[in-house]
Structure formats: C-alpha cells, structure tokens
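K.L.:
Before we start, here is the structure in question, set down as structure tokens.
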Amino acid sequence: MTDVPVLSLRATAFGYAGRTVVRDVDLQVWPGDVVAVLGPNGSGKSTVVKGTLGLAERHAGEVRLFGVDQGAFRDHARVGYVPQRHTLSASVRATVTEVVATGRLALRPWWRPAGPTDRAAVARALSIVGLTDRARADVAALSGGQQRRVLIARALVGAPDVLVMDEPTAGVDARAQHELAGVLARLVDEGVTMLVVTHEMGPITDLVTRVVVVDQVTFVGPRADFLADPRLLHDHDSGHHDAELSPPPQPLGTDWSPLRGRIGR
C-alpha cells in the first residue's frame with residue numbers, strides 16, 4: 001500500500017461524440033485492490049473503464065494514473081487491458097503464443113526481435129492462465145473461455161501494475177467462468193491490482209475487496225457491506241450486458257494519449 005492510488009477519478013463525466021453517458025464518478029483504486037464495477041444495463045460501467053483508459057471522452061473531472069494526470073501519462077505498459085468484446089475472430093490465423101506475444105511489442109523498439117526475456121514472459125503468462133498445453137494451438141480452434149484466457153495472458157505479458165478487465169466472464173458457460181475465476185484467484189495471490197467490470201459478482205465474489213455500483217454511482221464500499229444489502233445484491237446478481245452508446249472496440253496497442261478520467265478511495 002502506498003499513499004498514491006493506482007487509479008483516481010474525481011467528479012468525472014465520460015461519454016461519446018459529445019454525449020455524456022455517466023457523470024459525477026468518484027473512485028480510487030489502491031495497490032492490491034480487486035474492485036468490481038457493477039451496474040444495470042446501460043448504466044455506463046464500461047464507459048467508466050473506457051474513459052479511465054482514454055477510450056471514451058472525458059467531459060468533466062479529473063483522471064490520474066499512478067499519480068500522473070491522464071493527459072501526461074505515457075507509461076501505458078503499467079496498465080493491462082482486456083476489452084469487453086474479446087472473443088477472437090475465426091479469421092485470425094495465429095497461434096496462442098503469437099497472440100500473447102503481441103503484448104510485449106510496446107516494451108521494445110519495433111525493429112528489435114523478441115528475445116529470451118520476451119519468450120520467458122509469454123511462457124509465464126500462459127502458465128498463469130493455464131494454457132501452456134495450448135501454446136501452439138490456433139486461437140480460432142479454442143473455446144470462448146479459452147480465448148478470453150489468451151487475451152488475459154496478452155494483457156499480463158507486459159507485467160502491468162494493474163489489470164483492467166471489461167466483462168471477463170460474460171457470455172461463457174459455467175465451467176469457463178469457473179476456470180476464469182481460478183485465473184483471477186492466481187493473480188490475486190500474486191498481488192495483482194484489478195478493476196473488473198462485470199454484470200454479476202457470482203464467479204469472483206470471494207476475490208473482490210471493494211464494489212462500485214454505477215447507476216450514477218449509488219454505492220462505493222467494501223464487499224461485505226454490498227453483500228449485506230439484499231437490494232443491491234438482487235439488482236446485480238443476474239446476467240445482463242451494457243447497452244451503452246459506444247464506438248467500435250479499439251485494438252490493444254493503440255496510443256491511449258491523451259487519457260481522460262477519474263478514480264478515488
């Protein structure tokens with residue numbers, strides 16, 4: 001724990017094409033936190049994450065990453081991002097290792113080939129997500145849950161200080177959700193800080209340290225307080241997805257600057 005939050009939002013509003021989707025967001029994520037961001041359909045929970053990363057417009061407020069204003073932040077490798085629409089297209093012809101290895105590209109000059117350090121990082125990331133035995137498999141041949149683990153590995157391979165995930169367990173069966181929860185549990189054991197947007201707490205309930213309910217932010221607090229309130233638990237324990245106004249998904253590796261947003265304790 002340090003005196004500087006990993007992510008900090010203060011009185012922030014985010015949206016797209018000049019239209020505000022969510023406003024008055026105050027949130028802080030501290031080292032070691034596992035923060036679940038919940039909310040009803042269309043509430044703006046995914047927009048909060050996208051705005052924090054500079055993938056949605058900031059219309060008001062302040063966003064800081066590791067104490068640095070979003071607009072001046074350049075050390076993007078410190079933030080690993082797994083987007084919401086993250087099953088891989090059947091048209092992608094690449095192995096699991098090749099996809100995961102793209103997460104190292106931001107850490108070296110474009111002209112330098114992958115070296116032993118890069119290969120070791122890929123192997124470790126695959127081990128964490130339990131896909132070592134599929135390293136040479138074509139990603140198009142994997143199940144949806146396995147593809148999600150591939151992209152979690154891609155986000156992890158750069159050794160980020162915080163992992164931001166948008167609906168990591170959505171749209172996959174119960175077995176895949178259990179496997180993904182196991183992956184996140186291993187990351188918690190390693191002390192990885194996480195911000196997780198999810199439509200239901202079920203698979204990751206035991207991992208979460210704090211909960212944020214985005215319905216123009218009606219709740220921010222410890223997991224125990226959230227679970228103790230049956231009204232909140234009922235509202236956020238069924239499967240649904242955001243129907244927010246949003247642009248097409250942007251690929252990883254794009255320039256996030258200028259980042260715009262805000263987070264608090």
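Chain labels run A, B, ... following the order of the structure tokens; each chain numbers its residues from 1, and ligands are numbered from 1 in the order shown.
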Near region 57-63 of chain A, within 9 Å and counting only C-alpha atoms, which residues show up once chain neighbours fewer than 3 positions away are dropped, as a count of residues only?
P.N.:
30
K.L.:
Do you have, as a Markdown table, the list of residues of region 48-106 of chain A lying at most 9 Å from region 145-154 of chain A, each with its nearest atom pair and that distance in Å to one decimal, counting only C-alpha atoms and ordered by chain then number?
P.N.:
```
| residue | atom | partner | partner_atom | distance |
| --- | --- | --- | --- | --- |
| A:Gly80 | CA | A:Arg154 | CA | 8.4 |
| A:Tyr81 | CA | A:Ile152 | CA | 8.1 |
| A:Val82 | CA | A:Ile152 | CA | 6.2 |
| A:Pro83 | CA | A:Leu151 | CA | 8.8 |
| A:His86 | CA | A:Arg148 | CA | 6.4 |
| A:Thr87 | CA | A:Gln147 | CA | 5.8 |
| A:Leu88 | CA | A:Gln147 | CA | 6.5 |
| A:Val96 | CA | A:Val150 | CA | 6.6 |
| A:Thr97 | CA | A:Val150 | CA | 8.7 |
| A:Val99 | CA | A:Arg154 | CA | 6.9 |
| A:Val100 | CA | A:Arg154 | CA | 4.2 |
| A:Ala101 | CA | A:Arg154 | CA | 6.7 |
| A:Thr102 | CA | A:Arg154 | CA | 6.9 |
| A:Gly103 | CA | A:Arg154 | CA | 4.9 |
| A:Arg104 | CA | A:Arg154 | CA | 8.1 |
```
K.L.:
Apply DSSP to the backbone of this structure and, from region 123-223 of chain A, keep only the residues in strand (DSSP E or B); write these as a list in words.
P.N.:
Asp138, Val162, Leu163, Val164, Met165, Asp166, Thr193, Met194, Leu195, Val196, Val197, Arg210, Val211, Val212, Val213, Phe219, Val220, Gly221 and Pro222 of chain A
K.L.:
For the selection you just gave me, I'd like the residues written to a file as a PDB file, in the first residue's frame, keeping N, CA, C and O atoms.
P.N.:
```pdb
ATOM      1  N   ASP A 138      -4.019 -23.102 -32.746  1.00  0.00           N
ATOM      2  CA  ASP A 138      -4.612 -21.981 -33.474  1.00  0.00           C
ATOM      3  C   ASP A 138      -5.685 -21.362 -32.576  1.00  0.00           C
ATOM      4  O   ASP A 138      -6.562 -22.077 -32.074  1.00  0.00           O
ATOM      5  N   VAL A 162      -1.504  -2.901 -12.878  1.00  0.00           N
ATOM      6  CA  VAL A 162      -2.941  -3.025 -12.668  1.00  0.00           C
ATOM      7  C   VAL A 162      -3.543  -3.673 -13.905  1.00  0.00           C
ATOM      8  O   VAL A 162      -3.123  -3.396 -15.032  1.00  0.00           O
ATOM      9  N   LEU A 163      -4.511  -4.552 -13.692  1.00  0.00           N
ATOM     10  CA  LEU A 163      -5.197  -5.236 -14.779  1.00  0.00           C
ATOM     11  C   LEU A 163      -6.638  -4.746 -14.810  1.00  0.00           C
ATOM     12  O   LEU A 163      -7.359  -4.863 -13.814  1.00  0.00           O
ATOM     13  N   VAL A 164      -7.055  -4.204 -15.952  1.00  0.00           N
ATOM     14  CA  VAL A 164      -8.404  -3.681 -16.128  1.00  0.00           C
ATOM     15  C   VAL A 164      -9.144  -4.611 -17.089  1.00  0.00           C
ATOM     16  O   VAL A 164      -8.724  -4.806 -18.223  1.00  0.00           O
ATOM     17  N   MET A 165     -10.258  -5.180 -16.616  1.00  0.00           N
ATOM     18  CA  MET A 165     -10.997  -6.155 -17.412  1.00  0.00           C
ATOM     19  C   MET A 165     -12.460  -5.758 -17.523  1.00  0.00           C
ATOM     20  O   MET A 165     -13.093  -5.404 -16.524  1.00  0.00           O
ATOM     21  N   ASP A 166     -12.975  -5.826 -18.737  1.00  0.00           N
ATOM     22  CA  ASP A 166     -14.363  -5.464 -19.007  1.00  0.00           C
ATOM     23  C   ASP A 166     -15.145  -6.738 -19.319  1.00  0.00           C
ATOM     24  O   ASP A 166     -14.978  -7.343 -20.368  1.00  0.00           O
ATOM     25  N   THR A 193      -3.256  -5.879  -8.782  1.00  0.00           N
ATOM     26  CA  THR A 193      -4.374  -4.966  -8.590  1.00  0.00           C
ATOM     27  C   THR A 193      -5.307  -5.091  -9.782  1.00  0.00           C
ATOM     28  O   THR A 193      -4.861  -5.137 -10.927  1.00  0.00           O
ATOM     29  N   MET A 194      -6.624  -5.153  -9.527  1.00  0.00           N
ATOM     30  CA  MET A 194      -7.572  -5.353 -10.624  1.00  0.00           C
ATOM     31  C   MET A 194      -8.783  -4.439 -10.505  1.00  0.00           C
ATOM     32  O   MET A 194      -9.272  -4.170  -9.400  1.00  0.00           O
ATOM     33  N   LEU A 195      -9.237  -3.995 -11.657  1.00  0.00           N
ATOM     34  CA  LEU A 195     -10.507  -3.289 -11.789  1.00  0.00           C
ATOM     35  C   LEU A 195     -11.329  -4.106 -12.781  1.00  0.00           C
ATOM     36  O   LEU A 195     -10.944  -4.244 -13.947  1.00  0.00           O
ATOM     37  N   VAL A 196     -12.439  -4.673 -12.311  1.00  0.00           N
ATOM     38  CA  VAL A 196     -13.197  -5.632 -13.111  1.00  0.00           C
ATOM     39  C   VAL A 196     -14.623  -5.144 -13.291  1.00  0.00           C
ATOM     40  O   VAL A 196     -15.383  -5.020 -12.321  1.00  0.00           O
ATOM     41  N   VAL A 197     -15.005  -4.868 -14.533  1.00  0.00           N
ATOM     42  CA  VAL A 197     -16.404  -4.584 -14.854  1.00  0.00           C
ATOM     43  C   VAL A 197     -17.104  -5.923 -15.049  1.00  0.00           C
ATOM     44  O   VAL A 197     -16.625  -6.792 -15.783  1.00  0.00           O
ATOM     45  N   ARG A 210     -13.538  -4.543  -2.930  1.00  0.00           N
ATOM     46  CA  ARG A 210     -14.466  -3.408  -2.897  1.00  0.00           C
ATOM     47  C   ARG A 210     -15.362  -3.457  -4.115  1.00  0.00           C
ATOM     48  O   ARG A 210     -15.000  -4.022  -5.146  1.00  0.00           O
ATOM     49  N   VAL A 211     -16.537  -2.831  -3.984  1.00  0.00           N
ATOM     50  CA  VAL A 211     -17.544  -2.836  -5.040  1.00  0.00           C
ATOM     51  C   VAL A 211     -17.934  -1.401  -5.373  1.00  0.00           C
ATOM     52  O   VAL A 211     -18.078  -0.560  -4.485  1.00  0.00           O
ATOM     53  N   VAL A 212     -18.107  -1.136  -6.662  1.00  0.00           N
ATOM     54  CA  VAL A 212     -18.642   0.138  -7.130  1.00  0.00           C
ATOM     55  C   VAL A 212     -19.882  -0.174  -7.937  1.00  0.00           C
ATOM     56  O   VAL A 212     -19.831  -0.968  -8.876  1.00  0.00           O
ATOM     57  N   VAL A 213     -21.021   0.395  -7.568  1.00  0.00           N
ATOM     58  CA  VAL A 213     -22.247   0.253  -8.337  1.00  0.00           C
ATOM     59  C   VAL A 213     -22.448   1.528  -9.132  1.00  0.00           C
ATOM     60  O   VAL A 213     -22.562   2.612  -8.560  1.00  0.00           O
ATOM     61  N   PHE A 219     -23.425   3.324  -5.022  1.00  0.00           N
ATOM     62  CA  PHE A 219     -22.732   2.620  -3.939  1.00  0.00           C
ATOM     63  C   PHE A 219     -21.255   2.498  -4.255  1.00  0.00           C
ATOM     64  O   PHE A 219     -20.884   2.112  -5.361  1.00  0.00           O
ATOM     65  N   VAL A 220     -20.420   2.830  -3.278  1.00  0.00           N
ATOM     66  CA  VAL A 220     -18.991   2.554  -3.324  1.00  0.00           C
ATOM     67  C   VAL A 220     -18.605   2.112  -1.925  1.00  0.00           C
ATOM     68  O   VAL A 220     -18.800   2.858  -0.960  1.00  0.00           O
ATOM     69  N   GLY A 221     -18.101   0.895  -1.775  1.00  0.00           N
ATOM     70  CA  GLY A 221     -17.745   0.461  -0.444  1.00  0.00           C
ATOM     71  C   GLY A 221     -17.219  -0.952  -0.395  1.00  0.00           C
ATOM     72  O   GLY A 221     -17.056  -1.603  -1.425  1.00  0.00           O
ATOM     73  N   PRO A 222     -16.971  -1.460   0.803  1.00  0.00           N
ATOM     74  CA  PRO A 222     -16.431  -2.803   0.972  1.00  0.00           C
ATOM     75  C   PRO A 222     -17.383  -3.872   0.461  1.00  0.00           C
ATOM     76  O   PRO A 222     -18.617  -3.685   0.465  1.00  0.00           O
TER      77      PRO A 222
END
```
K.L.:
I'd like the interatomic distance between CA of Ala114 (chain A) and CA of Leu53 (chain A), to a tenth of an Å.
P.N.:
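A separation of 26.7 Å between them.
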K.L.:
Which residue gives the smallest distance to Asn41 (chain A) among A:Phe226, A:Leu107, A:Val214, A:Pro113, with only C-alpha atoms counted?
P.N.:
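The answer is A:Val214, which sits nearest to Asn41 (chain A).
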K.L.:
Residues within 12 Å of Arg175 (chain A), please, as a PyMOL selection string. Count only C-alpha atoms; anything in the same chain fewer than 4 positions from it doesn't count.
P.N.:
chain A and resi 143-146+169+171+179-182+203
K.L.:
Please produce a file of those selected residues containing N, CA, C and O atoms, as a PDB file, in the first residue's frame.
P.N.:
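That gives us again-v7.pdb:
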```
ATOM      1  N   SER A 143     -12.095 -22.605 -27.428  1.00  0.00           N
ATOM      2  CA  SER A 143     -13.424 -22.219 -26.953  1.00  0.00           C
ATOM      3  C   SER A 143     -13.429 -20.736 -26.577  1.00  0.00           C
ATOM      4  O   SER A 143     -12.369 -20.107 -26.440  1.00  0.00           O
ATOM      5  N   GLY A 144     -14.626 -20.200 -26.365  1.00  0.00           N
ATOM      6  CA  GLY A 144     -14.720 -18.800 -25.981  1.00  0.00           C
ATOM      7  C   GLY A 144     -14.007 -18.509 -24.674  1.00  0.00           C
ATOM      8  O   GLY A 144     -13.322 -17.495 -24.539  1.00  0.00           O
ATOM      9  N   GLY A 145     -14.153 -19.394 -23.703  1.00  0.00           N
ATOM     10  CA  GLY A 145     -13.479 -19.194 -22.427  1.00  0.00           C
ATOM     11  C   GLY A 145     -11.974 -19.242 -22.554  1.00  0.00           C
ATOM     12  O   GLY A 145     -11.252 -18.462 -21.917  1.00  0.00           O
ATOM     13  N   GLN A 146     -11.460 -20.151 -23.407  1.00  0.00           N
ATOM     14  CA  GLN A 146     -10.019 -20.231 -23.627  1.00  0.00           C
ATOM     15  C   GLN A 146      -9.504 -18.989 -24.336  1.00  0.00           C
ATOM     16  O   GLN A 146      -8.417 -18.488 -24.031  1.00  0.00           O
ATOM     17  N   THR A 169     -16.126 -12.568 -17.603  1.00  0.00           N
ATOM     18  CA  THR A 169     -16.837 -13.846 -17.504  1.00  0.00           C
ATOM     19  C   THR A 169     -18.149 -13.861 -18.278  1.00  0.00           C
ATOM     20  O   THR A 169     -18.905 -14.842 -18.204  1.00  0.00           O
ATOM     21  N   GLY A 171     -20.894 -14.250 -21.209  1.00  0.00           N
ATOM     22  CA  GLY A 171     -21.100 -14.980 -22.444  1.00  0.00           C
ATOM     23  C   GLY A 171     -20.411 -16.324 -22.547  1.00  0.00           C
ATOM     24  O   GLY A 171     -20.340 -16.893 -23.642  1.00  0.00           O
ATOM     25  N   GLU A 179     -13.206 -21.518 -14.550  1.00  0.00           N
ATOM     26  CA  GLU A 179     -11.790 -21.511 -14.928  1.00  0.00           C
ATOM     27  C   GLU A 179     -11.230 -20.088 -14.906  1.00  0.00           C
ATOM     28  O   GLU A 179     -10.106 -19.848 -14.440  1.00  0.00           O
ATOM     29  N   LEU A 180     -12.014 -19.134 -15.402  1.00  0.00           N
ATOM     30  CA  LEU A 180     -11.571 -17.743 -15.396  1.00  0.00           C
ATOM     31  C   LEU A 180     -11.433 -17.221 -13.972  1.00  0.00           C
ATOM     32  O   LEU A 180     -10.487 -16.487 -13.659  1.00  0.00           O
ATOM     33  N   ALA A 181     -12.364 -17.612 -13.102  1.00  0.00           N
ATOM     34  CA  ALA A 181     -12.267 -17.201 -11.708  1.00  0.00           C
ATOM     35  C   ALA A 181     -10.999 -17.762 -11.076  1.00  0.00           C
ATOM     36  O   ALA A 181     -10.343 -17.105 -10.256  1.00  0.00           O
ATOM     37  N   GLY A 182     -10.621 -18.975 -11.484  1.00  0.00           N
ATOM     38  CA  GLY A 182      -9.374 -19.557 -10.989  1.00  0.00           C
ATOM     39  C   GLY A 182      -8.160 -18.768 -11.436  1.00  0.00           C
ATOM     40  O   GLY A 182      -7.203 -18.582 -10.671  1.00  0.00           O
ATOM     41  N   PRO A 203     -19.039 -15.468  -9.959  1.00  0.00           N
ATOM     42  CA  PRO A 203     -17.803 -16.236 -10.081  1.00  0.00           C
ATOM     43  C   PRO A 203     -16.611 -15.642  -9.338  1.00  0.00           C
ATOM     44  O   PRO A 203     -15.665 -16.363  -9.035  1.00  0.00           O
TER      45      PRO A 203
END
```
K.L.:
Which one of A:Leu65, A:Ala174, A:Val157, A:Ala123 sits closest to Leu105 (chain A) if you count only C-alpha atoms?
P.N.:
A:Val157
K.L.:
Using backbone DSSP assignments, extract all alpha helix (DSSP H) residues from region 9-221 of chain A; output them as number ranges by chain.
P.N.:
A: 45-52, 96-101, 116-128, 144-156, 174-189
K.L.:
Can those selected residues be exported to a file as an mmCIF file, in the first residue's frame so that it contains C-alpha atoms?
P.N.:
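The new file again18.cif reads:
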```
data_model
loop_
_atom_site.group_PDB
_atom_site.id
_atom_site.type_symbol
_atom_site.label_atom_id
_atom_site.label_comp_id
_atom_site.auth_asym_id
_atom_site.auth_seq_id
_atom_site.Cartn_x
_atom_site.Cartn_y
_atom_site.Cartn_z
ATOM 1 C CA LYS A 45 -19.986 0.959 -16.117
ATOM 2 C CA SER A 46 -17.995 0.020 -19.219
ATOM 3 C CA THR A 47 -17.789 3.684 -20.152
ATOM 4 C CA VAL A 48 -16.162 4.433 -16.778
ATOM 5 C CA VAL A 49 -13.377 1.964 -17.600
ATOM 6 C CA LYS A 50 -13.005 3.146 -21.184
ATOM 7 C CA GLY A 51 -12.876 6.751 -20.036
ATOM 8 C CA THR A 52 -10.214 5.915 -17.475
ATOM 9 C CA VAL A 96 -1.858 -18.769 -28.886
ATOM 10 C CA THR A 97 1.814 -17.904 -28.365
ATOM 11 C CA GLU A 98 1.786 -15.426 -31.270
ATOM 12 C CA VAL A 99 -1.256 -13.598 -29.926
ATOM 13 C CA VAL A 100 0.090 -13.415 -26.379
ATOM 14 C CA ALA A 101 3.488 -12.236 -27.633
ATOM 15 C CA PRO A 116 14.739 -14.696 -24.277
ATOM 16 C CA THR A 117 13.110 -12.269 -21.834
ATOM 17 C CA ASP A 118 10.091 -11.887 -24.096
ATOM 18 C CA ARG A 119 9.752 -15.637 -24.588
ATOM 19 C CA ALA A 120 10.034 -16.264 -20.855
ATOM 20 C CA ALA A 121 7.329 -13.661 -20.171
ATOM 21 C CA VAL A 122 4.996 -15.317 -22.692
ATOM 22 C CA ALA A 123 5.596 -18.739 -21.149
ATOM 23 C CA ARG A 124 4.873 -17.397 -17.669
ATOM 24 C CA ALA A 125 1.673 -15.644 -18.761
ATOM 25 C CA LEU A 126 0.425 -18.822 -20.421
ATOM 26 C CA SER A 127 1.190 -20.759 -17.269
ATOM 27 C CA ILE A 128 -0.773 -18.295 -15.131
ATOM 28 C CA GLY A 144 -14.720 -18.800 -25.981
ATOM 29 C CA GLY A 145 -13.479 -19.194 -22.427
ATOM 30 C CA GLN A 146 -10.019 -20.231 -23.627
ATOM 31 C CA GLN A 147 -9.863 -17.252 -25.977
ATOM 32 C CA ARG A 148 -10.606 -14.962 -23.051
ATOM 33 C CA ARG A 149 -7.750 -16.520 -21.134
ATOM 34 C CA VAL A 150 -5.498 -15.913 -24.152
ATOM 35 C CA LEU A 151 -6.288 -12.207 -24.048
ATOM 36 C CA ILE A 152 -5.844 -12.048 -20.297
ATOM 37 C CA ALA A 153 -2.398 -13.569 -20.899
ATOM 38 C CA ARG A 154 -1.744 -10.941 -23.579
ATOM 39 C CA ALA A 155 -2.563 -8.213 -21.060
ATOM 40 C CA LEU A 156 -0.390 -9.870 -18.406
ATOM 41 C CA ALA A 174 -20.368 -22.072 -16.066
ATOM 42 C CA ARG A 175 -17.265 -24.219 -16.483
ATOM 43 C CA ALA A 176 -15.422 -21.456 -18.351
ATOM 44 C CA GLN A 177 -16.497 -18.925 -15.719
ATOM 45 C CA HIS A 178 -15.077 -21.195 -13.013
ATOM 46 C CA GLU A 179 -11.790 -21.511 -14.928
ATOM 47 C CA LEU A 180 -11.571 -17.743 -15.396
ATOM 48 C CA ALA A 181 -12.267 -17.201 -11.708
ATOM 49 C CA GLY A 182 -9.374 -19.557 -10.989
ATOM 50 C CA VAL A 183 -7.097 -17.466 -13.191
ATOM 51 C CA LEU A 184 -8.103 -14.305 -11.337
ATOM 52 C CA ALA A 185 -7.549 -16.036 -7.996
ATOM 53 C CA ARG A 186 -3.961 -16.826 -9.010
ATOM 54 C CA LEU A 187 -3.460 -13.173 -9.922
ATOM 55 C CA VAL A 188 -4.841 -12.096 -6.550
ATOM 56 C CA ASP A 189 -2.366 -14.442 -4.871
#
```
K.L.:
What does the distance from CA of Val208 (chain A) to CA of Arg223 (chain A) come to in Å, to one decimal?
P.N.:
6.5 Å
K.L.:
So the first atom is CA of Ala135 (chain A) and the second is CA of Leu207 (chain A); what is the distance between them in Å, to one decimal place?
P.N.:
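Between CA of Ala135 (chain A) and CA of Leu207 (chain A) the gap works out to 27.4 Å.
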